[in-house]
file start.txt (compact mmCIF, C-alpha atoms)
# COMPACT_ATOMS: atom_id res chain seq x y z
CA MET A 1 62.34 119.95 87.43
CA ALA A 2 63.27 123.34 88.86
CA PRO A 3 66.53 124.76 87.55
CA ASP A 4 68.44 124.49 90.81
CA MET A 5 67.21 120.92 91.21
CA ASN A 6 68.53 120.22 87.75
CA GLU A 7 71.87 121.70 88.73
CA ALA A 8 72.15 119.54 91.83
CA TRP A 9 71.29 116.45 89.77
CA ARG A 10 74.04 117.31 87.31
CA TYR A 11 76.59 117.58 90.13
CA PHE A 12 75.40 114.28 91.51
CA LEU A 13 75.83 112.62 88.12
CA LEU A 14 79.34 114.05 87.81
CA PHE A 15 80.27 112.74 91.24
CA PHE A 16 78.64 109.35 90.71
CA GLY A 17 80.28 108.97 87.32
CA ALA A 18 83.70 109.81 88.69
CA VAL A 19 83.45 107.42 91.64
CA LEU A 20 81.88 104.36 90.07
CA VAL A 21 81.05 104.44 86.36
CA TYR A 22 84.41 105.76 85.19
CA ASN A 23 86.41 104.43 88.12
CA PHE A 24 90.04 105.36 87.65
CA ILE A 25 91.65 102.05 88.56
CA LEU A 26 89.25 99.45 87.24
CA ILE A 27 87.68 101.11 84.20
CA ARG A 28 90.31 103.60 83.08
CA PHE A 29 93.45 101.68 84.18
CA ILE A 30 95.00 104.75 85.76
CA GLY A 31 97.20 104.38 88.83
CA LEU A 32 97.81 100.64 88.64
CA CYS A 33 101.41 100.76 89.88
CA PRO A 34 100.56 101.89 93.43
CA PHE A 35 97.43 99.75 93.22
CA PHE A 36 99.34 96.48 92.85
CA GLY A 37 102.38 97.66 94.77
CA ILE A 38 100.64 98.83 97.92
CA SER A 39 97.41 96.86 98.15
CA ASN A 40 99.09 94.02 100.06
CA ARG A 41 97.97 95.30 103.43
CA LEU A 42 94.79 97.04 104.48
CA GLU A 43 96.52 99.53 106.78
CA THR A 44 98.90 100.90 104.15
CA SER A 45 96.19 101.24 101.56
CA ILE A 46 94.05 103.31 103.92
CA GLY A 47 97.02 105.64 104.45
CA MET A 48 97.70 105.84 100.73
CA GLY A 49 94.02 106.41 99.92
CA ILE A 50 93.73 109.37 102.29
CA SER A 51 96.96 110.91 100.98
CA VAL A 52 95.79 110.57 97.37
CA VAL A 53 92.45 112.28 98.10
CA PHE A 54 94.27 115.12 99.83
CA VAL A 55 96.91 115.68 97.12
CA MET A 56 94.54 115.26 94.17
CA VAL A 57 92.06 117.86 95.42
CA MET A 58 94.80 120.38 96.18
CA ALA A 59 96.62 119.77 92.88
CA THR A 60 93.46 120.21 90.85
CA SER A 61 92.55 123.45 92.64
CA VAL A 62 95.97 124.99 92.00
CA SER A 63 96.17 123.70 88.42
CA TRP A 64 92.69 125.00 87.61
CA VAL A 65 93.75 128.51 88.62
CA VAL A 66 97.03 128.25 86.69
CA TRP A 67 95.33 126.89 83.56
CA ASN A 68 92.46 129.38 83.49
CA TYR A 69 94.33 132.51 84.50
CA VAL A 70 97.86 131.94 83.17
CA LEU A 71 98.31 129.20 80.57
CA ASP A 72 95.08 129.48 78.58
CA PRO A 73 94.84 133.32 78.34
CA LEU A 74 98.48 133.51 77.24
CA GLY A 75 97.88 130.88 74.56
CA VAL A 76 100.75 128.64 75.69
CA GLY A 77 98.60 125.87 77.15
CA ASP A 78 99.28 123.35 74.39
CA PHE A 79 103.05 123.55 74.80
CA LEU A 80 103.41 123.97 78.53
CA TYR A 81 100.62 122.02 80.19
CA ILE A 82 102.64 118.83 80.77
CA PRO A 83 105.68 120.43 82.47
CA ALA A 84 103.49 122.97 84.29
CA PHE A 85 101.13 120.41 85.81
CA ILE A 86 103.83 117.95 86.78
CA LEU A 87 105.84 120.70 88.46
CA ILE A 88 102.75 121.91 90.31
CA ILE A 89 102.16 118.38 91.58
CA ALA A 90 105.79 117.78 92.54
CA SER A 91 106.18 121.06 94.41
CA LEU A 92 102.77 120.73 96.03
CA VAL A 93 103.64 117.28 97.34
CA GLN A 94 106.90 118.63 98.76
CA PHE A 95 105.08 121.59 100.33
CA VAL A 96 102.35 119.46 101.85
CA GLU A 97 104.97 117.14 103.28
CA MET A 98 106.80 120.03 104.98
CA VAL A 99 103.61 121.60 106.36
CA ILE A 100 102.34 118.33 107.78
CA LYS A 101 105.73 117.55 109.28
CA LYS A 102 105.73 120.91 111.14
CA THR A 103 102.10 121.07 112.20
CA SER A 104 100.96 117.54 112.87
CA PRO A 105 103.56 114.85 113.63
CA PRO A 106 100.98 112.05 114.08
CA LEU A 107 99.45 112.77 110.68
CA TYR A 108 102.94 112.91 109.19
CA LYS A 109 103.69 109.55 110.69
CA ALA A 110 100.58 108.13 109.08
CA MET A 111 100.89 109.79 105.67
CA GLY A 112 104.55 110.74 105.40
CA ILE A 113 105.98 107.75 103.58
CA TYR A 114 103.27 107.77 100.90
CA LEU A 115 103.63 111.41 99.92
CA PRO A 116 106.82 111.16 97.81
CA LEU A 117 105.33 108.16 95.99
CA ILE A 118 102.35 110.24 94.91
CA THR A 119 104.44 112.51 92.66
CA THR A 120 104.90 109.72 90.15
CA ASN A 121 101.41 108.34 90.62
CA CYS A 122 99.85 108.80 87.22
CA ALA A 123 96.40 109.04 88.81
CA VAL A 124 97.15 112.53 90.13
CA LEU A 125 98.37 113.89 86.80
CA ALA A 126 95.50 112.19 85.00
CA ALA A 127 92.95 113.69 87.39
CA VAL A 128 94.45 117.13 86.95
CA ILE A 129 94.55 116.92 83.14
CA GLU A 130 91.05 115.50 82.87
CA SER A 131 89.41 117.93 85.22
CA VAL A 132 91.23 121.08 84.14
CA ARG A 133 91.99 120.82 80.45
CA PRO A 134 89.06 120.55 78.02
CA GLY A 135 89.42 117.95 75.31
CA PHE A 136 90.55 114.78 77.06
CA PHE A 137 87.32 113.99 78.66
CA LYS A 138 85.22 111.09 77.39
CA MET A 139 82.46 111.02 79.95
CA ASN A 140 78.85 111.14 78.87
CA ILE A 141 77.96 114.11 81.09
CA ALA A 142 77.66 117.81 80.49
CA TYR A 143 80.88 119.08 82.02
CA ASN A 144 81.84 122.73 81.61
CA HIS A 145 85.17 122.87 83.47
CA THR A 146 83.99 125.47 85.99
CA PHE A 147 85.77 125.49 89.33
CA PRO A 148 83.01 123.85 91.41
CA GLU A 149 82.57 121.15 88.79
CA ALA A 150 86.28 120.45 88.64
CA LEU A 151 86.33 120.21 92.43
CA VAL A 152 83.38 117.80 92.57
CA PHE A 153 84.88 115.69 89.81
CA THR A 154 88.28 115.44 91.49
CA ILE A 155 86.78 114.57 94.86
CA GLY A 156 84.81 111.83 93.12
CA VAL A 157 87.82 110.50 91.25
CA SER A 158 90.02 110.41 94.33
CA LEU A 159 87.33 108.81 96.48
CA GLY A 160 86.80 106.17 93.81
CA PHE A 161 90.53 105.49 93.78
CA ALA A 162 90.68 105.17 97.56
CA LEU A 163 87.54 103.01 97.65
CA VAL A 164 88.89 100.44 95.19
CA LEU A 165 92.33 100.45 96.81
CA ILE A 166 90.86 99.70 100.25
CA LEU A 167 88.33 97.12 99.01
CA PHE A 168 90.97 95.32 97.00
CA SER A 169 93.55 95.18 99.77
CA ALA A 170 90.97 93.74 102.15
CA MET A 171 90.43 90.96 99.63
CA ARG A 172 94.11 90.46 98.89
CA GLU A 173 94.80 89.71 102.53
CA ARG A 174 92.40 86.78 102.22
CA LEU A 175 93.94 85.77 98.91
CA ASP A 176 97.21 84.96 100.66
CA LEU A 177 95.45 82.15 102.52
CA ALA A 178 93.55 80.76 99.55
CA PRO A 179 94.71 77.65 97.67
CA VAL A 180 95.85 79.04 94.33
CA PRO A 181 97.36 77.09 91.41
CA LYS A 182 101.14 77.20 91.65
CA PHE A 183 101.93 79.40 88.68
CA PHE A 184 99.19 81.88 89.51
CA CYS A 185 100.59 82.68 92.96
CA GLY A 186 101.35 86.31 93.68
CA ILE A 187 100.82 88.79 90.87
CA PRO A 188 98.78 86.73 88.35
CA ILE A 189 96.01 85.88 90.81
CA ALA A 190 95.86 89.52 91.89
CA PHE A 191 95.23 90.46 88.28
CA ILE A 192 92.53 87.81 87.91
CA ALA A 193 90.85 89.20 91.03
CA ALA A 194 91.13 92.70 89.60
CA ALA A 195 89.46 91.44 86.42
CA LEU A 196 86.51 90.18 88.47
CA TYR A 197 86.31 93.51 90.30
CA SER A 198 86.39 95.29 86.97
CA LEU A 199 83.59 93.06 85.69
CA ALA A 200 81.52 93.99 88.73
CA PHE A 201 82.18 97.70 88.22
CA MET A 202 81.12 97.43 84.59
CA GLY A 203 77.67 96.79 85.99
CA PHE A 204 77.46 100.49 86.80
CA THR A 205 77.73 101.39 83.13
CA GLY A 206 74.47 102.79 81.85
CA MET A 207 73.13 103.68 85.28
CA PHE A 208 71.30 107.06 85.11
CA GLY A 209 72.19 107.12 81.42
CA LEU A 210 75.92 107.52 82.09
CA MET B 211 133.29 101.75 85.02
CA GLY B 212 135.07 98.77 86.46
CA ASP B 213 133.16 95.91 84.87
CA ARG B 214 133.01 95.57 81.14
CA LYS B 215 129.69 95.97 79.43
CA SER B 216 128.66 95.31 75.90
CA ALA B 217 126.11 97.43 74.13
CA THR B 218 124.24 94.39 72.84
CA GLY B 219 124.13 92.98 76.36
CA GLU B 220 122.33 96.11 77.54
CA LEU B 221 119.90 95.75 74.66
CA THR B 222 118.89 92.16 75.39
CA ASN B 223 118.82 92.84 79.12
CA GLY B 224 115.98 95.29 78.70
CA LEU B 225 114.18 93.04 76.27
CA VAL B 226 114.16 89.89 78.41
CA ARG B 227 115.85 89.76 81.78
CA SER B 228 114.56 93.04 83.17
CA ASN B 229 111.51 93.44 80.99
CA PRO B 230 109.77 96.51 82.40
CA LEU B 231 106.23 95.14 82.33
CA LEU B 232 106.50 91.46 83.22
CA VAL B 233 109.54 91.42 85.49
CA LEU B 234 109.83 94.89 87.01
CA MET B 235 106.04 95.45 87.01
CA VAL B 236 106.23 99.14 86.19
CA GLY B 237 104.33 101.12 83.59
CA LEU B 238 101.33 98.83 83.73
CA CYS B 239 98.62 101.44 83.39
CA SER B 240 99.32 102.51 79.85
CA ALA B 241 100.06 98.94 78.75
CA LEU B 242 96.66 97.66 79.83
CA ALA B 243 94.72 100.63 78.53
CA VAL B 244 96.35 100.91 75.12
CA SER B 245 96.45 97.23 74.16
CA THR B 246 92.93 97.08 72.73
CA LYS B 247 94.18 97.64 69.18
CA VAL B 248 97.44 96.61 67.53
CA GLU B 249 97.64 99.93 65.72
CA ASN B 250 97.48 101.92 68.97
CA CYS B 251 100.29 99.81 70.39
CA ILE B 252 102.62 100.55 67.49
CA PHE B 253 102.22 104.28 67.99
CA MET B 254 102.46 104.01 71.77
CA GLY B 255 105.58 101.84 71.53
CA VAL B 256 107.30 104.26 69.17
CA ALA B 257 106.39 107.18 71.45
CA VAL B 258 107.76 105.43 74.55
CA ILE B 259 110.98 104.36 72.78
CA PHE B 260 111.53 107.91 71.52
CA VAL B 261 111.02 109.50 74.93
CA LEU B 262 113.05 106.84 76.71
CA VAL B 263 116.06 107.01 74.37
CA CYS B 264 116.13 110.82 74.18
CA SER B 265 115.78 111.37 77.91
CA ASN B 266 118.32 108.64 78.70
CA VAL B 267 120.87 110.22 76.33
CA ILE B 268 120.38 113.78 77.61
CA ILE B 269 120.47 112.75 81.26
CA SER B 270 123.55 110.63 80.68
CA LEU B 271 125.26 113.55 78.92
CA ILE B 272 124.67 116.03 81.74
CA ARG B 273 124.90 113.56 84.63
CA ARG B 274 128.05 115.21 86.03
CA PHE B 275 126.42 118.66 86.23
CA ILE B 276 123.18 117.70 87.97
CA PRO B 277 123.18 118.59 91.68
CA ASP B 278 122.08 115.57 93.64
CA GLN B 279 119.35 117.32 95.67
CA VAL B 280 117.32 118.56 92.70
CA ARG B 281 117.89 115.65 90.32
CA ILE B 282 114.29 114.39 90.28
CA PRO B 283 112.74 117.72 89.16
CA ILE B 284 115.45 118.04 86.50
CA PHE B 285 114.73 114.54 85.19
CA ILE B 286 111.01 115.26 85.13
CA VAL B 287 111.45 118.50 83.19
CA ILE B 288 113.68 116.77 80.61
CA ILE B 289 111.19 113.94 80.20
CA ALA B 290 108.27 116.37 80.04
CA SER B 291 109.87 118.29 77.18
CA PHE B 292 110.23 115.15 75.07
CA VAL B 293 106.69 114.07 75.91
CA THR B 294 105.48 117.48 74.73
CA ILE B 295 107.30 116.92 71.41
CA VAL B 296 105.52 113.58 70.97
CA ASP B 297 102.20 115.09 72.05
CA LEU B 298 102.31 117.91 69.51
CA THR B 299 103.67 115.70 66.69
CA LEU B 300 100.92 113.12 67.08
CA LYS B 301 98.29 115.84 67.37
CA GLY B 302 99.55 117.49 64.20
CA TYR B 303 100.09 114.51 61.93
CA PHE B 304 98.10 111.58 63.33
CA LYS B 305 94.91 113.12 64.72
CA PRO B 306 92.74 109.93 64.78
CA VAL B 307 95.40 108.00 66.69
CA TYR B 308 95.89 110.92 69.04
CA ASP B 309 92.17 110.99 69.78
CA ARG B 310 92.15 107.27 70.52
CA LEU B 311 95.24 107.31 72.75
CA GLY B 312 93.81 110.34 74.53
CA VAL B 313 95.23 111.04 77.94
CA TRP B 314 97.90 108.34 77.65
CA ILE B 315 100.33 110.44 75.64
CA PRO B 316 100.73 113.17 78.30
CA LEU B 317 100.77 110.43 80.92
CA ILE B 318 104.03 109.04 79.47
CA VAL B 319 105.67 111.70 81.63
CA VAL B 320 104.67 109.88 84.82
CA ASN B 321 105.24 106.43 83.34
CA CYS B 322 107.38 104.83 86.03
CA ILE B 323 109.57 103.07 83.44
CA ILE B 324 111.11 106.28 82.17
CA LEU B 325 111.82 107.91 85.50
CA ALA B 326 113.13 104.62 86.88
CA ARG B 327 115.61 104.25 83.99
CA ALA B 328 116.68 107.88 84.32
CA GLU B 329 117.27 107.54 88.03
CA GLY B 330 118.60 104.00 88.12
CA TYR B 331 120.57 103.73 84.90
CA ALA B 332 121.13 106.81 82.76
CA SER B 333 122.37 109.00 85.60
CA GLN B 334 125.21 106.54 86.35
CA ASN B 335 126.26 105.21 82.95
CA ARG B 336 127.93 106.35 79.76
CA VAL B 337 125.92 107.72 76.85
CA ARG B 338 126.35 104.70 74.58
CA TYR B 339 125.03 102.25 77.16
CA ALA B 340 122.25 104.60 78.22
CA ALA B 341 121.01 104.83 74.64
CA MET B 342 121.13 101.05 74.19
CA ASP B 343 119.36 100.58 77.52
CA GLY B 344 116.65 102.96 76.36
CA ILE B 345 116.13 101.03 73.14
CA GLY B 346 116.14 97.69 74.95
CA ILE B 347 113.68 98.66 77.66
CA GLY B 348 111.48 100.41 75.10
CA LEU B 349 111.44 97.36 72.84
CA GLY B 350 110.66 95.14 75.82
CA TYR B 351 107.67 97.33 76.63
CA THR B 352 106.53 97.41 73.00
CA ALA B 353 106.90 93.64 72.58
CA VAL B 354 104.69 92.89 75.58
CA ILE B 355 101.94 95.35 74.62
CA LEU B 356 102.00 94.02 71.05
CA ILE B 357 101.55 90.44 72.25
CA MET B 358 98.68 91.56 74.46
CA ALA B 359 97.10 93.60 71.69
CA VAL B 360 97.28 90.81 69.09
CA PHE B 361 95.69 88.39 71.54
CA ARG B 362 93.02 90.82 72.70
CA GLU B 363 92.05 92.18 69.30
CA LEU B 364 91.93 88.72 67.77
CA MET B 365 89.86 87.26 70.62
CA GLY B 366 87.65 90.27 71.09
CA THR B 367 86.75 91.23 67.53
CA GLY B 368 87.90 88.23 65.49
CA GLN B 369 90.05 90.33 63.20
CA ILE B 370 93.13 92.53 63.20
CA VAL B 371 92.80 95.85 61.42
CA LEU B 372 96.06 97.65 60.75
CA PHE B 373 96.07 101.05 59.03
CA GLU B 374 92.54 100.44 57.69
CA LYS B 375 93.46 97.06 56.15
CA THR B 376 92.11 93.85 57.60
CA ILE B 377 95.08 91.53 58.04
CA ILE B 378 93.55 88.52 59.74
CA ASN B 379 89.84 87.77 59.74
CA PHE B 380 88.18 84.90 61.59
CA GLY B 381 84.62 85.99 60.95
CA THR B 382 83.22 88.29 63.60
CA SER B 383 80.13 86.43 64.74
CA SER B 384 80.67 84.76 68.11
CA MET B 385 83.83 86.06 69.70
CA PRO B 386 84.23 86.59 73.46
CA VAL B 387 83.93 90.36 73.46
CA ILE B 388 85.15 90.50 77.05
CA PHE B 389 88.77 90.41 75.93
CA ILE B 390 88.53 93.80 74.31
CA MET B 391 86.78 95.29 77.32
CA PHE B 392 88.27 96.25 80.67
CA PRO B 393 88.36 92.88 82.49
CA GLY B 394 90.01 91.30 79.44
CA ALA B 395 93.09 93.43 79.94
CA PHE B 396 93.56 92.15 83.48
CA ILE B 397 92.95 88.55 82.43
CA THR B 398 95.37 88.75 79.51
CA PHE B 399 98.09 90.21 81.68
CA ALA B 400 97.48 87.60 84.39
CA LEU B 401 97.87 84.82 81.81
CA LEU B 402 101.12 86.35 80.53
CA ALA B 403 102.53 86.71 84.05
CA ALA B 404 101.52 83.14 84.90
CA ALA B 405 103.17 81.89 81.69
CA LEU B 406 106.36 83.68 82.68
CA GLN B 407 106.31 82.07 86.13
CA TRP B 408 105.75 78.68 84.55
CA TYR B 409 108.66 79.25 82.16
CA GLN B 410 111.02 80.35 84.92
CA ASP B 411 109.97 77.43 87.04
CA ARG B 412 110.76 74.98 84.24
CA ARG B 413 114.18 76.54 83.67
CA LYS B 414 115.24 76.12 87.30
CA PRO B 415 113.30 73.18 88.72
CA GLU B 416 115.20 73.03 92.02
CA GLU B 417 114.15 76.50 93.15
CA GLY B 418 110.41 75.87 92.89
CA GLY B 419 107.53 78.24 92.14
CA GLY B 420 105.91 81.04 94.11
CA SER B 421 107.22 84.56 94.47
call {"tool": "encode", "arguments": {"input": "start.txt", "output": "structure tokens"}}
result
Amino acid sequence: MAPDMNEAWRYFLLFFGAVLVYNFILIRFIGLCPFFGISNRLETSIGMGISVVFVMVMATSVSWVVWNYVLDPLGVGDFLYIPAFILIIASLVQFVEMVIKKTSPPLYKAMGIYLPLITTNCAVLAAVIESVRPGFFKMNIAYNHTFPEALVFTIGVSLGFALVLILFSAMRERLDLAPVPKFFCGIPIAFIAAALYSLAFMGFTGMFGL
Amino acid sequence: MGDRKSATGELTNGLVRSNPLLVLMVGLCSALAVSTKVENCIFMGVAVIFVLVCSNVIISLIRRFIPDQVRIPIFIVIIASFVTIVDLTLKGYFKPVYDRLGVWIPLIVVNCIILARAEGYASQNRVRYAAMDGIGIGLGYTAVILIMAVFRELMGTGQIVLFEKTIINFGTSSMPVIFIMFPGAFITFALLAAALQWYQDRRKPEEGGGS
């Protein structure tokens, strides 16, 4: 293969791995609280999914710059990465909320209520830590933590999150109508369904050698 | 405080009546991910109890000086400092465990349990009760992940290995490996939640099931 072809293939693998093989919700168990809390209705999960994609990509971009130009060169990364990243996320969410409120009221109406919830969504912090800070990553891909790679990885992670959220809520709406054993009503049956989803997603393991 | 509270009451409240995982349904992510091995759960439980008690005590001590508008960032910074202490301690003294727990130690900072207790309890109550509440909620969390881990490790691998000693061994030939993999976590938690609903239903038969 030509070198640039090789490069493109590597980016594809990174993206594919982030969306499906190492899916955040079903394979890594990250972000389950909003997953079970919000996936009752299709409409809300679409809103939440879009907001998560938006915030995750912005948070990773800012954190990548802060990590590579401030924390790591100064040698304080080990001590300060947790407070630094969580403050970046919290202030970014606040900032995004204000900008959207001023510039686009319809978008604010659609996304507004989900934005504060995202601050404590562990998926955002996990995505930032995994894509920015070397050492946490357990994917079977060559990943060098350059800016384009971090961007591709985060877009993949957030799209995977949104995909599962939307798929699952579509199914949960049907689950309300299904005849379920009495003690499994509500949360337990949702978990059983998630287990089946997870089983299906495990089928992606090993694809393209991932 | 108008109503009288007892410290032991706060302790058992967190353990049973408002158990963070099964009743309040917060902090699920780490519970499901960590409960593949009993040993991991012990370390994770201790880490969560430490962070929860320390942050509850500090927030309760300074609750009169925190301006209301910026309370959430202040809580998060306090919690993040204690999580950093745990992170560096585990990395320094228990490297194999740290490698296995991976991203879950820094993620304690966004564990909804801790922020929820800071916001909902510690910022309104006296230090003694806040500390007891931290211990109770932390023990409730640890108890549930330990139950899950014992079940999953026993079903998945047929043995429980604790600090490099095999404690229980069933023979490892034909065990349903699925319990130690990802779907097993969801199934185990679903069974626990269903058992809780069954138990509550039996205690108050007139109210009936469903949620």
call {"tool": "interface_residues", "arguments": {"input": "start.txt", "of": "chain A", "to": "chain B", "cutoff": "10 Å", "atoms": "all atoms listed in the file", "output": "ChimeraX atom specification"}}
result
/A:25-34,36-37,78-84,86-87,90-91,119-126,129-130,135-138,181-202
call {"tool": "residues_around", "arguments": {"input": "start.txt", "residues": "stretch 151-153 of chain A", "least_positions_apart": "6", "cutoff": "9 Å", "atoms": "all atoms listed in the file", "output": "list in words"}}
result
Tyr11, Phe12, Leu14, Phe15, Phe16, Gly17, Ala18, Val19, Val57, Thr60, Ser61, Ala127 and Ser131 of chain A
call {"tool": "atom_distance", "arguments": {"input": "start.txt", "atom1": "atom CA of B:Arg412", "atom2": "atom CA of B:Asn229"}}
result
18.8 Å
call {"tool": "atom_distance", "arguments": {"input": "start.txt", "atom1": "atom CA of B:Arg310", "atom2": "atom CA of A:Ile155"}}
result
26.0 Å
call {"tool": "atom_distance", "arguments": {"input": "start.txt", "atom1": "atom CA of B:Ile377", "atom2": "atom CA of B:Val248"}}
result
11.0 Å
call {"tool": "residues_around", "arguments": {"input": "start.txt", "residues": "B:Tyr339", "least_positions_apart": "6", "cutoff": "10 Å", "atoms": "only C-alpha atoms", "output": "JSON, numbers by chain"}}
result
{"B": [215, 216, 217, 218, 219, 220, 221, 266, 267, 270, 331, 332, 345]}
call {"tool": "write_last_selection", "arguments": {"input": "start.txt", "atoms": "C-alpha atoms", "output": "CSV table (one decimal), keeping the file's coordinate frame"}}
result
chain,number,residue,atom,x,y,z
B,215,LYS,CA,129.7,96.0,79.4
B,216,SER,CA,128.7,95.3,75.9
B,217,ALA,CA,126.1,97.4,74.1
B,218,THR,CA,124.2,94.4,72.8
B,219,GLY,CA,124.1,93.0,76.4
B,220,GLU,CA,122.3,96.1,77.5
B,221,LEU,CA,119.9,95.8,74.7
B,266,ASN,CA,118.3,108.6,78.7
B,267,VAL,CA,120.9,110.2,76.3
B,270,SER,CA,123.6,110.6,80.7
B,331,TYR,CA,120.6,103.7,84.9
B,332,ALA,CA,121.1,106.8,82.8
B,345,ILE,CA,116.1,101.0,73.1
call {"tool": "residues_around", "arguments": {"input": "start.txt", "residues": "stretch 249-262 of chain B", "least_positions_apart": "3", "cutoff": "8 Å", "atoms": "only C-alpha atoms", "output": "ChimeraX atom specification"}}
result
/B:244-246,265-266,289,292-293,296,307,310-311,315,318,324,344-345,347-349,351-352,355-356,359,371-373
call {"tool": "residues_around", "arguments": {"input": "start.txt", "residues": "A:Val93", "least_positions_apart": "4", "cutoff": "7 Å", "atoms": "all atoms listed in the file", "output": "PyMOL selection string"}}
result
chain A and resi 55+89+97+115-116+119
call {"tool": "build_atoms", "arguments": {"input": "start.txt", "residues": "stretch 370-381 of chain B", "atoms": "N, CA and C atoms", "output": "PDB file, in the frame of the given file"}}
result
ATOM      1  N   ILE B 370      92.130  91.503  62.886  1.00  0.00           N
ATOM      2  CA  ILE B 370      93.130  92.530  63.200  1.00  0.00           C
ATOM      3  C   ILE B 370      93.118  93.546  62.076  1.00  0.00           C
ATOM      4  N   VAL B 371      92.846  94.790  62.424  1.00  0.00           N
ATOM      5  CA  VAL B 371      92.800  95.850  61.420  1.00  0.00           C
ATOM      6  C   VAL B 371      94.002  96.759  61.644  1.00  0.00           C
ATOM      7  N   LEU B 372      94.845  96.863  60.611  1.00  0.00           N
ATOM      8  CA  LEU B 372      96.060  97.650  60.750  1.00  0.00           C
ATOM      9  C   LEU B 372      96.070  98.683  59.644  1.00  0.00           C
ATOM     10  N   PHE B 373      96.076  99.947  60.002  1.00  0.00           N
ATOM     11  CA  PHE B 373      96.070 101.050  59.030  1.00  0.00           C
ATOM     12  C   PHE B 373      94.954 100.871  57.998  1.00  0.00           C
ATOM     13  N   GLU B 374      93.758 100.586  58.491  1.00  0.00           N
ATOM     14  CA  GLU B 374      92.540 100.440  57.690  1.00  0.00           C
ATOM     15  C   GLU B 374      92.573  99.257  56.724  1.00  0.00           C
ATOM     16  N   LYS B 375      93.492  98.303  56.938  1.00  0.00           N
ATOM     17  CA  LYS B 375      93.460  97.060  56.150  1.00  0.00           C
ATOM     18  C   LYS B 375      93.250  95.903  57.107  1.00  0.00           C
ATOM     19  N   THR B 376      92.331  95.018  56.764  1.00  0.00           N
ATOM     20  CA  THR B 376      92.110  93.850  57.600  1.00  0.00           C
ATOM     21  C   THR B 376      93.181  92.814  57.273  1.00  0.00           C
ATOM     22  N   ILE B 377      93.973  92.455  58.287  1.00  0.00           N
ATOM     23  CA  ILE B 377      95.080  91.530  58.040  1.00  0.00           C
ATOM     24  C   ILE B 377      94.653  90.088  58.278  1.00  0.00           C
ATOM     25  N   ILE B 378      94.035  89.859  59.441  1.00  0.00           N
ATOM     26  CA  ILE B 378      93.550  88.520  59.740  1.00  0.00           C
ATOM     27  C   ILE B 378      92.056  88.628  60.004  1.00  0.00           C
ATOM     28  N   ASN B 379      91.272  87.704  59.484  1.00  0.00           N
ATOM     29  CA  ASN B 379      89.840  87.770  59.740  1.00  0.00           C
ATOM     30  C   ASN B 379      89.311  86.366  60.024  1.00  0.00           C
ATOM     31  N   PHE B 380      88.748  86.189  61.209  1.00  0.00           N
ATOM     32  CA  PHE B 380      88.180  84.900  61.590  1.00  0.00           C
ATOM     33  C   PHE B 380      86.679  84.836  61.366  1.00  0.00           C
ATOM     34  N   GLY B 381      86.083  85.924  60.923  1.00  0.00           N
ATOM     35  CA  GLY B 381      84.620  85.990  60.950  1.00  0.00           C
ATOM     36  C   GLY B 381      84.220  86.506  62.306  1.00  0.00           C
TER      37      GLY B 381
END
